[in-house]
Structures are given as C-alpha cells and as structure tokens.
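J.: For reference, this is structure_2.cif, and it has mmCIF, C-alpha atoms.
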```
data_structure
#
loop_
_atom_site.label_atom_id
_atom_site.label_comp_id
_atom_site.auth_asym_id
_atom_site.auth_seq_id
_atom_site.Cartn_x
_atom_site.Cartn_y
_atom_site.Cartn_z
CA MET L 73 0.00 0.00 0.00
CA ALA L 74 1.40 3.40 -0.97
CA PHE L 75 1.41 6.40 1.30
CA PRO L 76 -2.18 7.77 1.43
CA SER L 77 -2.90 10.32 -1.27
CA HIS L 78 -4.95 12.70 0.86
CA LYS L 79 -4.06 16.38 0.67
CA PRO L 80 -2.72 17.81 3.92
CA THR L 81 -4.21 20.91 5.51
CA SER L 82 -0.88 22.05 6.88
CA ARG L 83 2.70 21.03 6.42
CA SER L 84 6.00 21.92 8.00
CA PHE L 85 9.43 20.95 6.79
CA GLU L 86 12.84 21.01 8.36
CA ALA L 87 15.62 20.68 5.85
CA GLY L 88 17.88 18.50 7.98
CA ASP L 89 21.66 18.80 7.82
CA TYR L 90 24.78 17.23 6.42
CA ALA L 91 26.79 14.75 8.47
CA ILE L 92 29.11 17.08 10.29
CA LYS L 93 31.20 16.40 13.35
CA THR L 94 32.13 19.44 15.38
CA TYR L 95 35.07 19.59 17.74
CA LYS L 96 35.71 22.45 20.04
CA ALA L 97 39.15 23.19 21.44
CA GLN L 98 39.68 24.52 24.93
CA ASN L 99 40.40 27.96 23.52
CA GLY L 100 36.97 27.92 21.83
CA ALA L 101 38.17 27.29 18.32
CA GLU L 102 35.76 25.10 16.40
CA THR L 103 36.75 22.43 13.92
CA ARG L 104 34.16 20.81 11.69
CA ILE L 105 34.59 17.68 9.66
CA LEU L 106 32.19 16.90 6.87
CA TYR L 107 31.49 13.16 6.73
CA GLY L 108 29.04 13.07 3.88
CA ASP L 109 27.89 14.95 0.84
CA ARG L 110 24.19 14.35 1.26
CA ARG L 111 21.81 16.21 3.48
CA THR L 112 19.78 13.95 5.74
CA ASN L 113 17.42 13.94 8.72
CA MET L 114 14.94 16.21 6.98
CA LYS L 115 11.67 16.27 8.89
CA LEU L 116 8.27 16.57 7.33
CA SER L 117 5.18 17.05 9.44
CA LEU L 118 1.83 16.67 7.74
CA SER L 119 -1.49 17.52 9.29
CA TYR L 120 -4.81 16.38 7.89
CA ALA L 121 -7.54 18.29 9.69
CA ASN L 122 -11.15 17.16 9.75
CA ILE L 123 -10.85 14.19 7.46
CA THR L 124 -13.19 11.23 7.62
CA ASP L 125 -12.32 8.36 9.91
CA THR L 126 -12.08 6.17 6.82
CA GLN L 127 -9.37 8.43 5.46
CA ALA L 128 -7.70 8.57 8.86
CA ASP L 129 -7.36 4.83 9.13
CA ASP L 130 -5.56 4.78 5.77
CA PHE L 131 -2.59 6.14 7.68
CA ILE L 132 -2.83 3.39 10.28
CA ALA L 133 -2.99 0.81 7.51
CA HIS L 134 0.08 2.31 5.84
CA TYR L 135 1.89 2.50 9.18
CA ASP L 136 1.28 -1.23 9.57
CA GLU L 137 2.26 -1.87 5.97
CA VAL L 138 5.73 -0.39 6.47
CA LYS L 139 6.08 -1.94 9.93
CA GLY L 140 5.88 1.34 11.76
CA SER L 141 9.13 3.27 11.69
CA PHE L 142 11.05 0.33 10.24
CA GLN L 143 10.69 0.65 6.47
CA THR L 144 11.15 3.66 4.24
CA PHE L 145 8.70 4.70 1.53
CA ASP L 146 7.99 7.29 -1.13
CA LEU L 147 5.48 10.07 -0.57
CA ASP L 148 2.43 10.57 -2.71
CA ALA L 149 2.54 13.74 -4.80
CA ASN L 150 -0.48 15.08 -2.93
CA ALA L 151 1.64 15.35 0.22
CA LYS L 152 3.28 18.32 -1.51
CA SER L 153 -0.04 19.79 -2.63
CA GLY L 154 0.07 23.57 -2.72
CA TRP L 155 3.87 23.75 -2.78
CA GLU L 156 4.90 25.99 -5.65
CA GLY L 157 8.63 25.92 -5.13
CA THR L 158 11.02 23.45 -6.72
CA SER L 159 9.13 20.19 -6.73
CA THR L 160 12.02 18.22 -5.27
CA ALA L 161 12.74 20.65 -2.44
CA LEU L 162 10.48 18.81 -0.02
CA ASP L 163 11.53 15.39 -1.21
CA ALA L 164 13.89 13.19 0.68
CA THR L 165 14.85 11.41 -2.51
CA ALA L 166 16.54 14.47 -3.99
CA GLN L 167 19.27 13.98 -1.42
CA GLY L 168 19.30 10.20 -1.71
CA ASN L 169 17.10 9.84 1.36
CA LYS L 170 13.77 8.20 1.88
CA TYR L 171 11.15 9.03 4.42
CA ARG L 172 10.12 6.79 7.26
CA TYR L 173 7.77 7.40 10.14
CA GLU L 174 9.45 9.25 12.96
CA GLY L 175 6.61 8.27 15.25
CA PRO L 176 3.17 6.76 15.06
CA PRO L 177 0.35 8.68 13.36
CA GLN L 178 -1.54 10.77 15.88
CA ILE L 179 -5.29 10.78 15.45
CA THR L 180 -7.58 13.16 17.28
CA GLN L 181 -11.26 12.53 16.81
CA VAL L 182 -13.10 15.85 16.62
CA ARG L 183 -16.64 14.59 16.13
CA PRO L 184 -18.33 11.33 15.12
CA GLY L 185 -16.78 10.19 11.87
CA THR L 186 -14.29 13.05 11.65
CA SER L 187 -10.71 13.10 12.82
CA THR L 188 -7.54 15.11 12.56
CA VAL L 189 -4.35 13.20 11.79
CA THR L 190 -0.78 14.33 12.29
CA ILE L 191 2.05 12.48 10.60
CA ASN L 192 5.72 13.04 11.42
CA LEU L 193 8.25 11.75 8.92
CA ILE L 194 12.03 11.82 8.89
CA GLY L 195 14.36 11.41 5.93
CA VAL L 196 17.05 8.80 6.30
CA LEU L 197 19.86 7.66 4.06
CA MET S 115 -54.17 33.63 5.12
CA ALA S 116 -50.93 35.49 4.76
CA LYS S 117 -49.61 36.96 7.95
CA VAL S 118 -46.71 39.01 9.15
CA TYR S 119 -45.84 38.03 12.69
CA THR S 120 -45.10 40.64 15.30
CA GLY S 121 -44.11 40.69 18.93
CA ARG S 122 -47.79 40.39 19.83
CA ASP S 123 -47.78 36.89 18.40
CA GLY S 124 -44.82 35.71 20.48
CA VAL S 125 -45.28 33.44 23.49
CA MET S 126 -42.68 31.94 25.77
CA GLN S 127 -43.49 28.96 27.92
CA VAL S 128 -41.63 27.17 30.67
CA GLY S 129 -42.72 23.61 31.32
CA GLY S 130 -45.80 24.19 29.19
CA SER S 131 -46.98 27.23 31.17
CA THR S 132 -46.98 30.59 29.47
CA LEU S 133 -44.75 33.15 31.10
CA ALA S 134 -46.27 36.52 31.84
CA LYS S 135 -44.68 39.81 30.92
CA VAL S 136 -42.14 38.59 28.45
CA VAL S 137 -40.57 41.62 26.80
CA SER S 138 -38.49 39.78 24.25
CA PHE S 139 -36.89 36.50 23.46
CA SER S 140 -34.52 35.25 20.84
CA VAL S 141 -33.42 31.78 19.89
CA GLN S 142 -30.26 31.02 17.99
CA SER S 143 -29.10 27.84 16.36
CA ASN S 144 -25.40 27.57 15.77
CA LEU S 145 -23.60 25.15 13.55
CA GLU S 146 -19.98 24.47 14.36
CA THR S 147 -18.08 24.04 11.13
CA LEU S 148 -14.93 22.05 10.58
CA GLU S 149 -12.63 23.44 7.96
CA THR S 150 -11.57 20.96 5.31
CA THR S 151 -9.57 23.32 3.13
CA THR S 152 -6.35 21.65 2.07
CA LEU S 153 -3.03 22.97 0.85
CA GLY S 154 -3.35 24.03 -2.76
CA ASP S 155 -6.99 25.07 -2.43
CA ASN S 156 -7.97 28.68 -3.07
CA ILE S 157 -11.50 28.47 -1.72
CA ARG S 158 -12.37 27.44 1.81
CA SER S 159 -14.45 24.32 2.32
CA TYR S 160 -16.16 23.03 5.43
CA SER S 161 -17.72 19.95 6.91
CA PRO S 162 -20.72 20.34 9.21
CA GLY S 163 -19.92 19.93 12.86
CA ILE S 164 -22.07 20.03 15.95
CA LEU S 165 -25.41 21.82 15.95
CA GLY S 166 -26.45 23.72 19.07
CA TYR S 167 -29.12 26.04 20.35
CA ALA S 168 -28.97 29.03 22.63
CA GLY S 169 -30.83 32.21 23.27
CA SER S 170 -31.94 34.85 25.69
CA ALA S 171 -35.09 36.39 27.05
CA THR S 172 -36.06 39.53 28.92
CA LEU S 173 -39.02 39.56 31.29
CA LEU S 174 -40.56 42.19 33.48
CA TYR S 175 -40.22 41.21 37.12
CA TYR S 176 -43.89 40.64 37.89
CA LYS S 177 -45.87 39.39 40.85
CA GLU S 178 -49.07 37.51 40.04
CA ASP S 179 -52.28 37.91 42.01
CA ASP S 180 -51.50 34.70 43.86
CA GLY S 181 -48.15 36.11 44.97
CA SER S 182 -46.01 34.03 42.64
CA ILE S 183 -43.27 35.69 40.61
CA ASN S 184 -43.24 35.08 36.89
CA THR S 185 -39.47 34.71 36.64
CA SER S 186 -38.95 32.35 39.59
CA THR S 187 -38.72 29.13 37.60
CA LEU S 188 -35.96 30.53 35.45
CA LEU S 189 -34.03 32.62 37.96
CA ASN S 190 -34.09 29.92 40.63
CA LYS S 191 -32.08 27.62 38.40
CA LEU S 192 -29.09 29.80 39.17
CA VAL S 193 -30.11 32.12 41.97
CA LYS S 194 -30.56 29.77 44.90
CA THR S 195 -29.26 28.88 48.29
CA GLY S 196 -27.24 25.84 49.19
CA THR S 197 -23.90 24.47 48.10
CA ALA S 198 -25.12 21.97 45.52
CA GLY S 199 -24.77 24.33 42.59
CA VAL S 200 -26.41 23.29 39.36
CA SER S 201 -27.08 19.63 38.67
CA SER S 202 -28.01 17.82 35.48
CA SER S 203 -31.64 17.90 36.54
CA ASP S 204 -31.69 21.70 36.58
CA THR S 205 -33.03 21.94 33.07
CA VAL S 206 -36.10 23.78 31.89
CA GLU S 207 -38.46 22.88 29.09
CA LEU S 208 -38.72 26.01 27.00
CA THR S 209 -41.23 26.64 24.25
CA PHE S 210 -41.05 29.60 21.94
CA ARG S 211 -44.27 30.04 20.05
CA TRP S 212 -45.54 32.22 17.26
CA VAL S 213 -49.34 32.24 17.31
CA ASP S 214 -51.70 32.69 14.41
CA GLY S 215 -55.16 31.98 15.79
CA THR S 216 -55.15 28.24 16.46
CA ASP S 217 -52.04 27.71 14.39
CA ASN S 218 -48.88 27.59 16.50
CA ASN S 219 -45.33 27.52 15.27
CA ASP S 220 -43.12 26.20 18.04
CA ILE S 221 -39.51 25.72 18.96
CA LYS S 222 -39.23 23.46 21.98
CA MET S 223 -36.04 22.60 23.77
CA THR S 224 -34.60 21.39 27.00
CA ALA S 225 -32.17 24.00 28.24
CA TYR S 226 -29.90 25.09 31.02
CA VAL S 227 -30.12 28.66 32.21
CA THR S 228 -26.59 29.96 31.79
CA SER S 229 -27.02 33.47 33.12
CA ALA S 230 -29.67 35.30 35.07
CA ASN S 231 -29.68 39.02 35.71
CA ILE S 232 -32.16 40.93 37.75
CA GLY S 233 -31.95 44.49 38.91
CA ALA S 234 -33.79 47.67 39.62
CA ALA S 235 -33.18 51.15 38.34
CA THR S 236 -34.63 54.52 39.12
CA ALA S 237 -37.54 55.43 36.89
CA ASP S 238 -37.51 52.09 35.13
CA LEU S 239 -39.29 48.78 35.34
CA ALA S 240 -37.49 45.91 37.04
CA ARG S 241 -36.45 43.37 34.46
CA ALA S 242 -34.97 39.91 34.54
CA GLU S 243 -32.68 38.85 31.74
CA ILE S 244 -31.78 35.25 31.20
CA SER S 245 -29.60 33.40 28.78
CA PHE S 246 -29.97 29.73 28.10
CA ILE S 247 -28.31 26.98 26.15
CA GLY S 248 -30.13 23.99 24.74
CA THR S 249 -29.12 20.45 25.62
CA GLY S 250 -30.03 17.62 23.26
CA ALA S 251 -32.27 17.76 20.24
CA LEU S 252 -35.23 20.08 19.80
CA SER S 253 -38.54 18.40 20.56
CA ALA S 254 -40.40 20.70 18.18
CA ALA S 255 -39.23 22.87 15.35
CA SER S 256 -42.22 24.03 13.37
CA VAL S 257 -40.87 27.32 12.19
#
```
What would you get if you wrote out this structure as structure tokens?
T.:
Amino acid sequence: MAFPSHKPTSRSFEAGDYAIKTYKAQNGAETRILYGDRRTNMKLSLSYANITDTQADDFIAHYDEVKGSFQTFDLDANAKSGWEGTSTALDATAQGNKYRYEGPPQITQVRPGTSTVTINLIGVL
Amino acid sequence: MAKVYTGRDGVMQVGGSTLAKVVSFSVQSNLETLETTTLGDNIRSYSPGILGYAGSATLLYYKEDDGSINTSTLLNKLVKTGTAGVSSSDTVELTFRWVDGTDNNDIKMTAYVTSANIGAATADLARAEISFIGTGALSAASV
C-alpha cells in the first residue's frame, strides 16, 4: 500500500543537515569535519484536519504496511499539494534519502466520523 | 391567510406554562463548522460539525395575584441557596411560540439557564434577563 494520497491541511518541513562532526578546542576554536555529501534527517510534518475516519485509518494501515518506523517509503505527490517551489525541495529522494515514520500517526477525533491526523516523517539515508 | 408576525404573536413557555410579561426573546441555532480546506486550495471548504441552540429572554419582574413571581422558575435555576450548585436535573423545558389563531409555530427545547440578571433602576421597570443553552435535540421545530 502506498502512502495515502490525501491532501494535507498544513505542512511543515525542516531541511535537515549534512553529516558534520564538530570539535571544540579549549580555547573555543571550532573544527568541523564533513562526513558526507548528502543532506539527511529532513523532517516533514503533515497535518490532515477534519478528514473522515475512513481516510484517517488509511494512515494506520500504511503505518502497519511499512512496519511502523522500520521501512522507508515514497510520498504521494499530494503530500506536496500547494507547494509551488522546486518540486524536489520537499523530497527526501533528492538527497538520496527516503522518508520513514518518525513516530506513530496521531489521530484526534473531533466529532463522530471526523478526525484530525498528524504524521511526522524523517528522511534517512 | 398570509400573515406578518409581530411581537404580539410571540409566546414563551416554561414547562408548558406561558410566562407573563415577556418583553423579548430570541433563539439562535449555531452550527460548528470544521474546515476541510487543504493545501493548494484557493476556496475554503467546510464539513458540518455540531449543531447547538442558545438564546436569551427579557421579562418584566412581575408578581401575580397569587403572589407568585413570573421569573422564579428561570431565575431559581441559578439564583438559589445551598452548596449543591447546578445539577443535570436543573433543566427547563422552553417553548417559543408564534401564534396565528389556532395555528402555532413552536420551537421546543430542553435547556440550562446559563445566566440570570435581575436588577432595579430609578424610573424604570425591574427586568430579569436570562440566557440559556439547549441540551439535546429540539422536541419541536415548526418554524
């Protein structure tokens, strides 16, 4: 099962960072060593407000499908709905990463049959 | 026959008994809406949420010939002695009616009184103002 194709109502993205080790000498001088040429650990938070419970449980089904935070997966294009910048900017794949769940989907039921779902993803190499 | 209703046609009842000296009442129904607009949309969209009822009424503070006060049933839901406060049984059955001869258009609800004001002012009639909020479904809605 692919990642659900519902359009999010809000989205936040943290671009992550490159693999850098920082050493600090006693005099305060900082030395940084770059261990990789690909940015990683990008975080994508998707919120789906007031969707039907049927749509909400699609995320649970997908979470089970990829064994929770174990497997990586590709995002559906609708996860980037409304983004008018470079199409790959929010992708993990542009940097050789793939997204996996950072934590379980959080579902808040707001009325019978209607829920709000929050998904937190992290890009990993 | 066609008819324009006026304040003369309005009746407010508590527990099936018509209240005397009602100056005004208003009943509101409010629909909570859940926004379903998604990223990429340019027009807002909504899903219906919870429906509720509320309103207010103003009554002259009036003593009947038998000594009873017209506002007691409503005011005593909040203005009372004791430490028990308000319990779930402190509801009132309110009917708001628009009369056309024998033809009645009613809104009936079970409600909690949420505020009760009573005062006196120089050169003015004493009035009681109450606000209420409906609990559960309407039992009549022939408007």
J.: Hey, could you make a per-residue contact list for chain S against chain L with 8 Å as the cut-off, showing the nearest pair of atoms and its distance in Å to one decimal, counting only C-alpha atoms, sorted by chain and number, as JSON lines?
T.:
```
{"residue": "S:Leu148", "atom": "CA", "partner": "L:Asn122", "partner_atom": "CA", "distance": 6.2}
{"residue": "S:Glu149", "atom": "CA", "partner": "L:Asn122", "partner_atom": "CA", "distance": 6.7}
{"residue": "S:Thr150", "atom": "CA", "partner": "L:Asn122", "partner_atom": "CA", "distance": 5.9}
{"residue": "S:Thr151", "atom": "CA", "partner": "L:Thr81", "partner_atom": "CA", "distance": 6.3}
{"residue": "S:Thr152", "atom": "CA", "partner": "L:Thr81", "partner_atom": "CA", "distance": 4.1}
{"residue": "S:Leu153", "atom": "CA", "partner": "L:Gly154", "partner_atom": "CA", "distance": 4.8}
{"residue": "S:Gly154", "atom": "CA", "partner": "L:Gly154", "partner_atom": "CA", "distance": 3.5}
{"residue": "S:Asp155", "atom": "CA", "partner": "L:Gly154", "partner_atom": "CA", "distance": 7.2}
{"residue": "S:Ser161", "atom": "CA", "partner": "L:Asn122", "partner_atom": "CA", "distance": 7.7}
{"residue": "S:Gly163", "atom": "CA", "partner": "L:Arg183", "partner_atom": "CA", "distance": 7.1}
{"residue": "S:Ile164", "atom": "CA", "partner": "L:Arg183", "partner_atom": "CA", "distance": 7.7}
```
J.: Would you compute the distance between atom CA of Ser201 of chain S and atom CA of Thr187 of chain S? Give it in Å to one decimal.
T.: 15.1 Å
J.: To test your reading of the syntax: which residues would the PyMOL selection byres ((chain L and resi 88) around 7) return for the file shown? Reply as a count of residues only.
T.: 8
J.: What's the 6 Å shell around segment 131-147 of chain S, counting all atoms listed in the file, without same-chain residues fewer than 5 positions away, as a PyMOL selection string?
T.: chain S and resi 126+161-174
J.: Store the residues of this selection in a file with C-alpha atoms, as a tab-separated table (two decimals), keeping the file's coordinate frame.
T.:
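New file again-v3.tsv:
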```
chain	number	residue	atom	x	y	z
S	126	MET	CA	-42.68	31.94	25.77
S	161	SER	CA	-17.72	19.95	6.91
S	162	PRO	CA	-20.72	20.34	9.21
S	163	GLY	CA	-19.92	19.93	12.86
S	164	ILE	CA	-22.07	20.03	15.95
S	165	LEU	CA	-25.41	21.82	15.95
S	166	GLY	CA	-26.45	23.72	19.07
S	167	TYR	CA	-29.12	26.04	20.35
S	168	ALA	CA	-28.97	29.03	22.63
S	169	GLY	CA	-30.83	32.21	23.27
S	170	SER	CA	-31.94	34.85	25.69
S	171	ALA	CA	-35.09	36.39	27.05
S	172	THR	CA	-36.06	39.53	28.92
S	173	LEU	CA	-39.02	39.56	31.29
S	174	LEU	CA	-40.56	42.19	33.48
```
J.: Could you expand the PyMOL selection byres ((chain L and resi 172) around 7) into the explicit residues it covers here, written as a count of residues only?
T.: 11
J.: For a test of reading the model, state the distance in Å between atom CA of Asn219 of chain S and atom CA of Ala254 of chain S, rounded to one decimal.
T.: 8.9 Å
J.: Here's the selection I'm unsure about, the PyMOL selection byres ((chain L and resi 131) around 10); applied to the file above, which residues does it give, as a VMD selection string?
T.: chain L and resid 74 to 78 126 to 130 132 to 137 176 to 179 189 to 191
J.: For atom CA of Leu192 of chain S and atom CA of Gly129 of chain S, determine how far apart the two atoms are, in Å to one decimal place.
T.: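 Interatomic distance, atom CA of Leu192 of chain S to atom CA of Gly129 of chain S: 16.9 Å.
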J.: Emit a file covering segment 129-155 of chain S of the preceding structure with C-alpha atoms, as a short mmCIF file (atom, residue, chain, number, x, y, z; two decimals), in the first residue's frame.
T.:
```
data_model
loop_
_atom_site.label_atom_id
_atom_site.label_comp_id
_atom_site.auth_asym_id
_atom_site.auth_seq_id
_atom_site.Cartn_x
_atom_site.Cartn_y
_atom_site.Cartn_z
CA GLY S 129 -42.72 23.61 31.32
CA GLY S 130 -45.80 24.19 29.19
CA SER S 131 -46.98 27.23 31.17
CA THR S 132 -46.98 30.59 29.47
CA LEU S 133 -44.75 33.15 31.10
CA ALA S 134 -46.27 36.52 31.84
CA LYS S 135 -44.68 39.81 30.92
CA VAL S 136 -42.14 38.59 28.45
CA VAL S 137 -40.57 41.62 26.80
CA SER S 138 -38.49 39.78 24.25
CA PHE S 139 -36.89 36.50 23.46
CA SER S 140 -34.52 35.25 20.84
CA VAL S 141 -33.42 31.78 19.89
CA GLN S 142 -30.26 31.02 17.99
CA SER S 143 -29.10 27.84 16.36
CA ASN S 144 -25.40 27.57 15.77
CA LEU S 145 -23.60 25.15 13.55
CA GLU S 146 -19.98 24.47 14.36
CA THR S 147 -18.08 24.04 11.13
CA LEU S 148 -14.93 22.05 10.58
CA GLU S 149 -12.63 23.44 7.96
CA THR S 150 -11.57 20.96 5.31
CA THR S 151 -9.57 23.32 3.13
CA THR S 152 -6.35 21.65 2.07
CA LEU S 153 -3.03 22.97 0.85
CA GLY S 154 -3.35 24.03 -2.76
CA ASP S 155 -6.99 25.07 -2.43
#
```
